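Asks: Hey, dropping final_28.tsv in here, TSV, C-alpha atoms:
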```tsv
chain	number	residue	atom	x	y	z
A	1	MET	CA	13.48	-0.78	7.84
A	2	LYS	CA	16.71	1.22	7.83
A	3	GLY	CA	17.51	2.72	4.50
A	4	PHE	CA	13.82	3.14	3.62
A	5	VAL	CA	13.72	5.33	0.52
A	6	ILE	CA	10.50	7.12	-0.39
A	7	SER	CA	10.24	7.08	-4.15
A	8	TYR	CA	6.57	7.39	-5.06
A	9	LEU	CA	6.57	7.45	-8.88
A	10	PHE	CA	3.78	9.03	-10.87
A	11	ILE	CA	2.68	10.68	-14.12
A	12	LEU	CA	-0.32	12.89	-14.74
A	13	CYS	CA	-0.31	13.16	-18.51
A	14	ASN	CA	-2.07	10.99	-21.04
A	15	VAL	CA	-1.81	7.70	-19.18
A	16	CYS	CA	-3.52	5.67	-16.52
A	17	PHE	CA	-2.42	6.76	-13.08
A	18	SER	CA	-1.74	3.71	-10.95
A	19	GLN	CA	-2.86	3.26	-7.35
A	20	HIS	CA	-3.32	6.91	-6.44
A	21	PHE	CA	-6.07	9.49	-6.47
A	22	MET	CA	-4.18	12.22	-8.31
A	23	PRO	CA	-6.02	13.09	-11.53
A	24	ILE	CA	-5.69	10.67	-14.40
A	25	GLN	CA	-5.71	12.51	-17.70
A	26	HIS	CA	-7.68	10.65	-20.33
A	27	ASP	CA	-5.84	11.11	-23.66
A	28	THR	CA	-7.68	10.61	-26.96
A	29	ILE	CA	-4.56	11.13	-29.10
A	30	HIS	CA	-3.46	7.89	-30.75
A	31	HIS	CA	0.09	6.59	-30.26
A	32	ASP	CA	1.46	3.34	-31.66
A	33	HIS	CA	3.53	2.54	-28.56
A	34	GLU	CA	3.77	3.71	-24.97
A	35	LEU	CA	6.42	2.90	-22.38
A	36	ILE	CA	5.73	3.79	-18.75
A	37	PHE	CA	8.02	3.57	-15.72
A	38	SER	CA	6.56	4.18	-12.29
A	39	GLY	CA	6.92	3.40	-8.61
A	40	LEU	CA	5.98	4.74	-5.21
A	41	GLY	CA	6.93	5.18	-1.57
A	42	ASN	CA	4.32	6.23	0.94
A	43	TYR	CA	3.64	5.82	4.63
A	44	SER	CA	0.83	7.23	6.73
A	45	GLY	CA	-1.05	6.68	9.94
A	46	THR	CA	-3.49	8.14	12.41
A	47	SER	CA	-1.13	8.59	15.35
A	48	ILE	CA	2.63	8.18	14.70
A	49	ARG	CA	4.30	11.48	13.86
A	50	VAL	CA	6.79	12.00	11.04
A	51	ASP	CA	9.68	12.78	13.40
A	52	LEU	CA	9.30	9.38	15.10
A	53	ALA	CA	8.67	7.49	11.85
A	54	ARG	CA	11.85	8.88	10.31
A	55	LYS	CA	13.87	7.51	13.23
A	56	LEU	CA	12.24	4.09	12.76
A	57	PHE	CA	12.98	4.04	9.02
A	58	TYR	CA	16.37	5.71	8.84
A	59	GLY	CA	17.73	4.99	12.30
A	60	GLY	CA	18.70	7.33	15.12
A	61	ASN	CA	18.04	7.96	18.78
A	62	ILE	CA	14.39	7.81	19.84
A	63	ASP	CA	14.23	9.90	22.99
A	64	GLN	CA	11.45	10.36	25.51
A	65	ASP	CA	10.11	13.53	23.87
A	66	LEU	CA	9.63	11.78	20.51
A	67	LYS	CA	7.75	8.89	22.10
A	68	ASP	CA	5.59	11.15	24.24
A	69	ALA	CA	4.65	13.43	21.31
A	70	SER	CA	3.25	10.52	19.27
A	71	LEU	CA	1.63	9.01	22.38
A	72	LEU	CA	-0.59	12.09	22.68
A	73	ASN	CA	-2.07	11.31	19.24
A	74	HIS	CA	-3.08	7.76	20.13
A	75	LYS	CA	-6.71	6.86	20.63
A	76	GLY	CA	-8.38	3.55	21.40
A	77	ILE	CA	-7.77	2.17	17.88
A	78	ASN	CA	-4.93	3.34	15.62
A	79	ARG	CA	-3.60	2.65	12.11
A	80	PHE	CA	-0.25	2.78	10.37
A	81	GLY	CA	1.05	1.45	7.06
A	82	LEU	CA	3.47	1.83	4.20
A	83	ASN	CA	3.25	1.06	0.51
A	84	MET	CA	6.21	0.88	-1.87
A	85	ASN	CA	6.34	-0.37	-5.43
A	86	SER	CA	7.94	0.04	-8.82
A	87	GLU	CA	6.32	-0.83	-12.16
A	88	PHE	CA	6.90	-0.84	-15.88
A	89	GLU	CA	4.32	-1.16	-18.65
A	90	TYR	CA	4.59	-1.40	-22.42
A	91	ARG	CA	1.50	-0.76	-24.56
A	92	ASN	CA	1.23	-1.62	-28.25
A	93	PHE	CA	-1.57	0.05	-30.20
A	94	ALA	CA	-0.05	-0.71	-33.62
A	95	VAL	CA	-0.94	-4.41	-33.88
A	96	ASP	CA	-4.38	-5.94	-34.27
A	97	PHE	CA	-4.26	-8.47	-31.46
A	98	LEU	CA	-6.07	-11.72	-32.31
A	99	LYS	CA	-6.82	-10.03	-35.65
A	100	LYS	CA	-9.21	-7.65	-33.86
A	101	GLU	CA	-8.94	-4.08	-35.11
A	102	ASN	CA	-10.01	-2.66	-31.77
A	103	LEU	CA	-7.49	-4.59	-29.62
A	104	GLY	CA	-3.84	-3.94	-28.80
A	105	PHE	CA	-1.75	-5.62	-26.12
A	106	LEU	CA	0.28	-4.68	-23.08
A	107	ILE	CA	3.12	-6.22	-21.07
A	108	LYS	CA	3.67	-5.15	-17.50
A	109	GLY	CA	5.57	-6.07	-14.36
A	110	GLY	CA	6.56	-4.76	-10.97
A	111	ALA	CA	7.74	-5.33	-7.41
A	112	TYR	CA	5.53	-4.48	-4.42
A	113	SER	CA	5.93	-4.07	-0.67
A	114	TYR	CA	2.91	-3.44	1.51
A	115	PHE	CA	2.52	-3.32	5.31
A	116	ASP	CA	-0.29	-2.16	7.55
A	117	VAL	CA	-1.25	-2.54	11.19
A	118	LEU	CA	-4.42	-1.87	13.16
A	119	TYR	CA	-3.67	-1.69	16.89
A	120	PRO	CA	-4.98	-0.48	20.26
A	121	LYS	CA	-3.07	2.10	22.27
A	122	GLY	CA	-1.64	-0.58	24.57
A	123	VAL	CA	0.47	-2.03	21.74
A	124	TYR	CA	2.22	1.33	21.29
A	125	ASP	CA	2.78	1.56	25.05
A	126	LEU	CA	4.46	-1.85	25.16
A	127	ALA	CA	6.52	-1.30	22.02
A	128	PHE	CA	8.00	2.06	23.06
A	129	TYR	CA	7.88	2.04	26.87
A	130	GLY	CA	8.13	-1.65	27.73
A	131	ASN	CA	6.28	-3.09	30.71
A	132	SER	CA	8.26	-1.35	33.46
A	133	GLN	CA	5.65	1.36	34.02
A	134	PHE	CA	2.60	-0.90	33.96
A	135	GLY	CA	2.96	-2.73	37.27
A	136	GLY	CA	-0.43	-3.84	38.57
A	137	GLU	CA	-2.13	-2.79	35.33
A	138	SER	CA	-3.84	-4.60	32.45
A	139	ILE	CA	-3.11	-3.69	28.82
A	140	SER	CA	-5.59	-4.55	26.06
A	141	LEU	CA	-4.20	-6.21	22.93
A	142	SER	CA	-7.61	-7.01	21.40
A	143	GLY	CA	-8.21	-6.16	17.77
A	144	THR	CA	-4.57	-6.04	16.70
A	145	ARG	CA	-4.18	-6.86	13.00
A	146	ALA	CA	-0.95	-6.69	11.00
A	147	ASN	CA	0.01	-7.85	7.50
A	148	ALA	CA	3.23	-7.56	5.50
A	149	TYR	CA	3.83	-8.61	1.89
A	150	PHE	CA	6.68	-8.55	-0.61
A	151	PHE	CA	5.84	-9.89	-4.07
A	152	GLN	CA	6.56	-9.44	-7.77
A	153	LYS	CA	4.45	-9.88	-10.88
A	154	ILE	CA	4.75	-10.03	-14.65
A	155	GLY	CA	1.75	-10.09	-16.92
A	156	PHE	CA	0.14	-9.79	-20.32
A	157	GLY	CA	-3.12	-8.13	-21.25
A	158	ILE	CA	-5.32	-6.59	-23.90
A	159	ILE	CA	-6.14	-2.92	-24.39
A	160	ASN	CA	-8.95	-1.24	-26.27
A	161	LYS	CA	-7.59	1.03	-29.01
A	162	SER	CA	-10.91	1.85	-30.67
A	163	LYS	CA	-12.27	5.34	-30.01
A	164	THR	CA	-15.66	4.63	-31.54
A	165	ALA	CA	-16.63	2.36	-28.63
A	166	GLY	CA	-16.08	5.23	-26.19
A	167	ALA	CA	-13.80	3.18	-23.92
A	168	TYR	CA	-10.42	3.98	-25.48
A	169	GLN	CA	-7.48	2.74	-23.33
A	170	SER	CA	-9.60	0.36	-21.25
A	171	SER	CA	-7.51	-2.71	-20.45
A	172	ILE	CA	-7.33	-5.96	-18.52
A	173	SER	CA	-4.32	-8.14	-17.77
A	174	LEU	CA	-3.53	-11.45	-16.07
A	175	ASN	CA	-0.30	-11.55	-14.09
A	176	LEU	CA	1.94	-14.29	-12.74
A	177	VAL	CA	2.91	-13.59	-9.11
A	178	ASN	CA	5.97	-14.60	-7.07
A	179	LEU	CA	5.62	-14.25	-3.30
A	180	SER	CA	8.97	-13.50	-1.66
A	181	ASN	CA	7.91	-12.81	1.91
A	182	TYR	CA	4.80	-12.69	4.06
A	183	ALA	CA	3.86	-12.26	7.70
A	184	SER	CA	0.59	-11.68	9.53
A	185	LEU	CA	-0.76	-11.34	13.06
A	186	SER	CA	-4.33	-11.41	14.29
A	187	VAL	CA	-5.38	-11.00	17.94
A	188	SER	CA	-9.12	-11.57	18.27
A	189	SER	CA	-9.03	-10.93	22.00
A	190	GLY	CA	-6.12	-10.39	24.31
A	191	GLU	CA	-5.05	-8.79	27.55
A	192	MET	CA	-1.74	-8.63	29.38
A	193	TYR	CA	-1.43	-8.12	33.14
A	194	GLN	CA	1.88	-7.23	34.78
A	195	SER	CA	2.10	-7.97	38.50
A	196	SER	CA	3.01	-5.11	40.82
A	197	ASN	CA	6.40	-6.60	41.69
A	198	PHE	CA	7.11	-7.42	38.03
A	199	ASP	CA	7.80	-11.11	38.64
A	200	THR	CA	4.83	-12.47	36.66
A	201	VAL	CA	3.12	-11.64	33.39
A	202	SER	CA	-0.35	-13.02	32.73
A	203	ILE	CA	-1.64	-13.05	29.16
A	204	GLY	CA	-5.08	-14.11	28.03
A	205	ALA	CA	-5.21	-14.19	24.24
A	206	ASN	CA	-6.87	-15.72	21.24
A	207	ALA	CA	-4.22	-15.02	18.63
A	208	LYS	CA	-2.78	-16.41	15.43
A	209	SER	CA	0.34	-15.51	13.46
A	210	TYR	CA	2.01	-16.66	10.23
A	211	LEU	CA	5.64	-16.11	9.32
A	212	LEU	CA	7.30	-17.08	6.05
A	213	ASN	CA	10.90	-17.25	7.25
A	214	SER	CA	12.51	-19.03	4.29
A	215	PRO	CA	15.68	-17.35	2.90
A	216	SER	CA	14.58	-18.20	-0.65
A	217	PHE	CA	13.44	-15.43	-3.01
A	218	PHE	CA	10.82	-17.68	-4.63
A	219	ASN	CA	8.51	-18.68	-1.80
A	220	GLY	CA	5.12	-18.80	-3.46
A	221	LEU	CA	3.36	-18.81	-6.80
A	222	GLY	CA	0.06	-17.24	-7.74
A	223	ALA	CA	-1.87	-14.96	-10.06
A	224	CYS	CA	-3.60	-11.60	-10.00
A	225	VAL	CA	-5.78	-9.46	-12.26
A	226	ASP	CA	-5.41	-5.79	-13.17
A	227	ALA	CA	-8.28	-3.98	-14.87
A	228	ASP	CA	-8.83	-0.40	-16.04
A	229	PHE	CA	-12.25	0.39	-17.50
A	230	ARG	CA	-12.90	3.88	-18.94
A	231	ILE	CA	-16.58	4.86	-18.91
A	232	PRO	CA	-17.80	7.94	-20.88
A	233	VAL	CA	-20.81	9.80	-19.46
A	234	LEU	CA	-22.79	12.47	-21.35
A	235	THR	CA	-23.69	15.47	-19.17
A	236	PRO	CA	-26.89	17.60	-19.51
A	237	LYS	CA	-24.72	20.21	-21.27
A	238	ASP	CA	-23.77	17.61	-23.93
A	239	ASP	CA	-20.22	17.40	-22.62
A	240	THR	CA	-18.57	14.01	-22.21
A	241	ILE	CA	-16.80	13.24	-18.95
A	242	TYR	CA	-14.86	10.05	-18.26
A	243	PHE	CA	-14.91	7.83	-15.21
A	244	GLN	CA	-12.45	5.06	-14.42
A	245	PHE	CA	-13.10	1.80	-12.60
A	246	GLN	CA	-9.71	0.34	-11.68
A	247	ILE	CA	-8.63	-2.89	-9.99
A	248	ASN	CA	-5.01	-3.76	-9.19
A	249	ASN	CA	-3.36	-6.86	-7.74
A	250	LEU	CA	-6.60	-8.72	-7.14
A	251	GLY	CA	-5.33	-12.26	-6.61
A	252	PHE	CA	-3.51	-14.77	-4.45
A	253	ALA	CA	-0.32	-16.78	-4.03
A	254	VAL	CA	0.20	-20.27	-2.58
A	255	THR	CA	3.39	-20.80	-0.63
A	256	ASN	CA	5.72	-23.53	-1.90
A	257	ASN	CA	7.76	-23.44	1.32
A	258	GLN	CA	6.39	-24.15	4.77
A	259	VAL	CA	5.00	-21.23	6.74
A	260	SER	CA	5.44	-21.13	10.51
A	261	LYS	CA	2.07	-20.85	12.23
A	262	TYR	CA	1.89	-19.69	15.86
A	263	GLU	CA	-1.40	-19.98	17.72
A	264	THR	CA	-2.77	-19.63	21.23
A	265	ASP	CA	-6.28	-19.55	22.63
A	266	LYS	CA	-5.67	-19.78	26.35
A	267	SER	CA	-4.53	-17.80	29.34
A	268	LEU	CA	-0.79	-17.86	29.95
A	269	VAL	CA	1.07	-17.16	33.16
A	270	TYR	CA	4.76	-16.54	32.59
A	271	SER	CA	7.29	-15.98	35.36
A	272	GLY	CA	10.44	-16.74	33.38
A	273	ILE	CA	12.45	-19.92	32.86
A	274	ASP	CA	14.65	-21.35	35.59
A	275	VAL	CA	17.74	-21.84	33.44
A	276	SER	CA	19.61	-23.81	36.11
A	277	ASN	CA	16.83	-26.35	36.57
A	278	ALA	CA	16.21	-26.58	32.83
A	279	ILE	CA	19.86	-27.39	32.14
A	280	ASN	CA	20.15	-29.85	35.02
A	281	ASN	CA	17.07	-31.67	33.80
A	282	GLY	CA	18.26	-31.61	30.22
A	283	GLY	CA	15.49	-29.19	29.26
A	284	ILE	CA	17.11	-26.59	27.05
A	285	THR	CA	19.65	-29.05	25.66
A	286	ASN	CA	16.88	-31.55	24.98
A	287	ASN	CA	15.83	-31.56	21.31
A	288	GLY	CA	12.18	-31.56	22.37
A	289	PHE	CA	12.45	-28.39	24.45
A	290	SER	CA	10.60	-25.32	23.18
A	291	ILE	CA	10.26	-21.97	24.90
A	292	LEU	CA	7.04	-21.39	22.94
A	293	ASP	CA	5.61	-24.65	24.28
A	294	SER	CA	6.57	-23.62	27.79
A	295	ILE	CA	4.38	-20.52	27.57
A	296	GLY	CA	1.50	-22.22	25.74
A	297	VAL	CA	2.07	-21.09	22.13
A	298	GLU	CA	1.59	-23.88	19.60
A	299	GLU	CA	3.88	-23.86	16.56
A	300	SER	CA	3.27	-25.80	13.35
A	301	GLN	CA	4.43	-25.78	9.74
A	302	VAL	CA	1.73	-25.28	7.11
A	303	GLN	CA	1.27	-24.41	3.47
A	304	LYS	CA	-0.85	-21.29	3.06
A	305	MET	CA	-2.81	-19.46	0.40
A	306	VAL	CA	-2.15	-15.72	0.77
A	307	LEU	CA	-4.60	-13.13	-0.54
A	308	LEU	CA	-2.68	-10.20	-2.04
A	309	PRO	CA	-3.30	-6.59	-0.91
A	310	GLY	CA	-5.24	-5.58	-4.00
A	311	PHE	CA	-7.28	-2.41	-4.31
A	312	LEU	CA	-10.08	-0.85	-6.33
A	313	GLN	CA	-10.65	2.77	-7.24
A	314	ILE	CA	-13.49	4.64	-8.91
A	315	SER	CA	-12.68	8.16	-10.05
A	316	LYS	CA	-13.49	10.94	-12.47
A	317	LEU	CA	-10.73	11.53	-15.02
A	318	ILE	CA	-9.26	14.74	-16.39
A	319	ASP	CA	-10.02	15.19	-20.11
A	320	GLU	CA	-6.72	16.07	-21.79
A	321	SER	CA	-8.50	17.34	-24.92
A	322	SER	CA	-10.88	19.60	-22.98
A	323	SER	CA	-10.58	23.37	-23.39
A	324	LYS	CA	-11.33	23.94	-19.71
A	325	THR	CA	-8.59	25.68	-17.76
A	326	ILE	CA	-9.87	24.31	-14.43
A	327	GLU	CA	-11.30	20.82	-14.09
A	328	GLU	CA	-12.34	18.87	-11.04
A	329	PHE	CA	-11.59	15.25	-10.15
A	330	TYR	CA	-12.90	13.03	-7.34
A	331	GLY	CA	-13.37	9.43	-6.36
A	332	VAL	CA	-13.04	6.67	-3.78
A	333	ARG	CA	-10.37	4.03	-3.16
A	334	MET	CA	-10.28	0.81	-1.13
A	335	PHE	CA	-7.49	-1.64	-0.32
A	336	PHE	CA	-8.53	-5.19	0.55
A	337	SER	CA	-7.12	-5.04	4.06
A	338	ALA	CA	-8.70	-4.95	7.51
A	339	ALA	CA	-6.61	-1.94	8.54
A	340	TYR	CA	-7.53	0.21	5.53
A	341	ASN	CA	-10.67	2.36	5.65
A	342	PRO	CA	-12.44	3.51	2.46
A	343	LEU	CA	-10.77	6.71	1.23
A	344	ALA	CA	-12.56	9.60	-0.48
A	345	PHE	CA	-10.72	12.31	-2.42
A	346	ALA	CA	-11.36	15.41	-4.51
A	347	GLY	CA	-9.28	18.10	-6.18
A	348	LEU	CA	-8.79	20.62	-8.95
A	349	ASN	CA	-6.50	20.48	-11.99
A	350	PHE	CA	-5.21	23.74	-13.51
A	351	LYS	CA	-3.93	23.80	-17.08
A	352	LEU	CA	-1.25	26.49	-17.20
A	353	GLY	CA	-0.42	26.21	-20.89
A	354	LYS	CA	2.63	24.95	-22.78
A	355	GLY	CA	2.22	21.47	-21.33
A	356	PHE	CA	2.19	22.45	-17.65
A	357	ASN	CA	-0.41	21.23	-15.16
A	358	LEU	CA	-0.71	22.17	-11.50
A	359	GLY	CA	-3.21	20.91	-8.98
A	360	GLY	CA	-4.16	20.09	-5.45
A	361	SER	CA	-6.31	17.57	-3.60
A	362	ILE	CA	-7.78	16.69	-0.23
A	363	SER	CA	-8.58	13.21	1.05
A	364	TYR	CA	-10.01	11.49	4.10
A	365	GLY	CA	-9.68	7.87	5.15
A	366	GLY	CA	-7.32	5.07	4.21
A	367	LEU	CA	-4.68	4.58	6.90
A	368	SER	CA	-4.87	8.21	8.02
A	369	THR	CA	-7.43	11.01	8.39
A	370	PHE	CA	-7.43	14.33	6.50
A	371	ARG	CA	-4.55	14.93	4.09
A	372	GLY	CA	-3.74	17.53	1.46
A	373	GLY	CA	-1.77	16.87	-1.72
A	374	MET	CA	-0.15	18.83	-4.52
A	375	TYR	CA	1.27	17.94	-7.93
A	376	THR	CA	2.80	19.35	-11.07
A	377	SER	CA	3.38	17.80	-14.49
A	378	TYR	CA	4.91	18.70	-17.83
A	379	THR	CA	4.38	17.25	-21.31
A	380	ARG	CA	6.75	17.91	-24.20
A	381	LYS	CA	5.72	16.22	-27.45
A	382	ASN	CA	5.68	12.49	-26.62
A	383	LEU	CA	7.43	12.71	-23.24
A	384	SER	CA	5.56	13.26	-19.98
A	385	ILE	CA	6.89	13.62	-16.46
A	386	GLY	CA	5.18	14.51	-13.19
A	387	MET	CA	5.90	14.89	-9.50
A	388	SER	CA	3.49	14.88	-6.60
A	389	THR	CA	2.84	14.28	-2.94
A	390	GLU	CA	-0.34	12.98	-1.35
A	391	ASN	CA	0.68	14.43	2.02
A	392	LEU	CA	1.96	17.97	1.68
A	393	SER	CA	2.24	18.59	5.44
A	394	GLY	CA	4.74	15.72	5.77
A	395	ILE	CA	7.32	17.77	3.86
A	396	PHE	CA	7.23	20.73	6.26
A	397	PHE	CA	5.95	19.65	9.69
A	398	ASN	CA	7.29	17.11	12.19
A	399	ASN	CA	3.83	16.62	13.67
A	400	ALA	CA	2.43	15.38	10.34
A	401	LYS	CA	1.41	11.73	10.19
A	402	GLY	CA	2.98	10.55	6.96
A	403	GLU	CA	5.12	11.31	3.93
A	404	SER	CA	4.61	10.78	0.23
A	405	ILE	CA	6.55	11.74	-2.87
A	406	ILE	CA	5.62	10.72	-6.42
A	407	PHE	CA	7.38	10.62	-9.78
A	408	ARG	CA	6.40	8.87	-13.01
A	409	LEU	CA	7.71	8.92	-16.58
A	410	ARG	CA	5.98	8.04	-19.84
A	411	CYS	CA	7.26	7.97	-23.41
A	412	ALA	CA	5.08	7.55	-26.51
A	413	PHE	CA	6.52	6.67	-29.90
```
Since I need it in another form, could you write the structure as structure tokens?

Replies:
Amino acid sequence: MKGFVISYLFILCNVCFSQHFMPIQHDTIHHDHELIFSGLGNYSGTSIRVDLARKLFYGGNIDQDLKDASLLNHKGINRFGLNMNSEFEYRNFAVDFLKKENLGFLIKGGAYSYFDVLYPKGVYDLAFYGNSQFGGESISLSGTRANAYFFQKIGFGIINKSKTAGAYQSSISLNLVNLSNYASLSVSSGEMYQSSNFDTVSIGANAKSYLLNSPSFFNGLGACVDADFRIPVLTPKDDTIYFQFQINNLGFAVTNNQVSKYETDKSLVYSGIDVSNAINNGGITNNGFSILDSIGVEESQVQKMVLLPGFLQISKLIDESSSKTIEEFYGVRMFFSAAYNPLAFAGLNFKLGKGFNLGGSISYGGLSTFRGGMYTSYTRKNLSIGMSTENLSGIFFNNAKGESIIFRLRCAF
């Protein structure tokens, strides 16, 4: 993960905000064309501090103090994950798609990386301290879940350009997906025991893992759906507020190259391999020899259907045409992943005049706990640009549990 660059791209003005709970501003001004460039970089967790995560991503010495500081945050079950992507989208409101006056079309594409892990404290202990300090002790591995994806998509969709229906800018698209890489691990139950004299390791586990280790860039083909439905609601004061129901990357991919599957459902006792005896008996040099077989892990090659890490979000939008100086936004978000908890968020948007917006938010859930965010945006004629972070503490404090920076650009013409 060296060279990890956090580039979380975002815009707040006049367009659909993708995959984040910062306020989406619902624009009722008609434009013939819109071109949007966006992307993101974000990592967060419940237990691993920023100072340790930076060493993991960028490289550097991880000393005892760094490991111990994050260890103090660990509970029985912990979460960590990262999400990076870049997208483009072109919207055409000038044409009457399929000869329908209320329909335009859109073309979109992007590249996506997503990783998350759900793990007990013992996994952190083994990863950062090894087994040297656990003589005569058992370490629980039960409940560990990890998934990693790298995929790309390109798609075509329709968009509602009629304001009379009340759902202006609602859209749906079907996307073709290429799966470049994938890995997963699931430990239903597991425990590792290290003998007091460190000559034997006993592992009892019911575990399964998949690894797509092909060097090819095109390792799977699939499809996914993106949808953005705008729902107007009339308040008792006869004001109209807008809600958004959004789905992204809901789909699958089927591998066209073989995936390595590793599986065990038994107790293993491992005391090392006698290299001398193995060589004398032709073991290691024998084509049929497998270290995995020797410790009871079964390996096979399979074709697999992979469910993509899609998400859904329901949120209140900011009305760009409203005369209110202060306007609230709120909602919930959910990724389709075992490690991701439902996330709730709320915030305030301040219109400062001359195209400037400033705001803040709080959230709870997801891959972390409480977080605070801040953003600013600027609109000049048909150009909009915004910057934000969903984790403000990660910029200033080493004991924060994540970092996020956002930038997105939109041009209407």

Asks: Which residues of range 322-382 of chain A come within 12 Å of range 248-252 of chain A, and for each one, what is the closest pair of atoms and their distance in Å to one decimal, counting only C-alpha atoms, sorted by chain and residue number, as CSV?

Replies:
```
residue,atom,partner,partner_atom,distance
A:Arg333,CA,A:Asn248,CA,11.2
A:Met334,CA,A:Asn248,CA,10.7
A:Phe335,CA,A:Asn248,CA,9.5
A:Phe336,CA,A:Leu250,CA,8.7
A:Ser337,CA,A:Leu250,CA,11.8
```

Asks: So which one's closest to Leu66 in chain A, A:Leu352, A:Asn197, A:Tyr119, A:Tyr129? Using all atoms listed in the file, please.

Replies: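 Ranking A:Leu352, A:Asn197, A:Tyr119, A:Tyr129 by distance to Leu66 in chain A, first place goes to A:Tyr129.
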
Asks: Val187 in chain A: which residues within 10 Å, counting all atoms listed in the file, same-chain residues fewer than 6 positions away excluded, as a ChimeraX atom specification?

Replies: /A:119,141-146,205-209,263-265

Asks: Go through A:Ala344, A:Val177, A:Leu317, A:Leu40 and flag the residue nearest Gly109 in chain A, using all atoms listed in the file for the distances.

Replies: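 Residue with the minimum atom-to-atom distance to Gly109 in chain A: A:Val177.
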
Asks: Mind checking which residues fall within 12 Å of Ala127 in chain A, counting only C-alpha atoms, ignoring those fewer than 5 positions away in the same chain, and posting them as a ChimeraX atom specification?

Replies: /A:67,71,119-122,132,141

Asks: Which neighbours of Gly365 in chain A fall inside 12 Å, counting all atoms listed in the file, when residues of the same chain fewer than 3 positions from it are skipped, and could you give them as number ranges by chain?

Replies: A: 44-46, 79-80, 332-335, 339-345, 362, 368-372

Asks: Using CA of Arg380 in chain A and CA of Asn92 in chain A as the two end points, give the distance in Å to one decimal.

Replies: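 Computing it gives 20.7 Å between the two atoms.
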
Asks: To one decimal place in Å, what is the distance between CA of Arg54 in chain A and CA of Phe407 in chain A?

Replies: 20.7 Å

Asks: So how many Å separate CA of Thr325 in chain A and CA of Gly347 in chain A, to one decimal?

Replies: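 Straight-line distance from CA of Thr325 in chain A to CA of Gly347 in chain A works out to 13.9 Å.
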
Asks: Pick out the residues sitting within 8 Å of range 104-108 of chain A, and hand them over as a VMD selection string; count all atoms listed in the file, and ignore anything fewer than 4 positions along from it in its own chain.

Replies: chain A and resid 87 to 97 154 to 161 173

Asks: For each of A:Ile385, A:Leu185, A:Asp239, A:Asn219, take the minimum atom-to-atom distance to Lys261 in chain A, counting only C-alpha atoms, then give the residue where this is smallest.

Replies: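 Among A:Ile385, A:Leu185, A:Asp239, A:Asn219, it is A:Leu185 that comes nearest to Lys261 in chain A.
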
Asks: Name the closest residue to Ser184 in chain A among the candidates A:Lys354, A:Arg230, A:His74, A:Lys304; distances are taken between atoms, counting only C-alpha atoms.

Replies: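 Closest residue, counting only C-alpha atoms: A:Lys304.
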
Asks: For a quick check of understanding, using all atoms listed in the file, which of A:Phe115, A:Tyr375, A:Tyr242, A:Phe37 has the smallest distance to Gly359 in chain A?

Replies: A:Tyr375
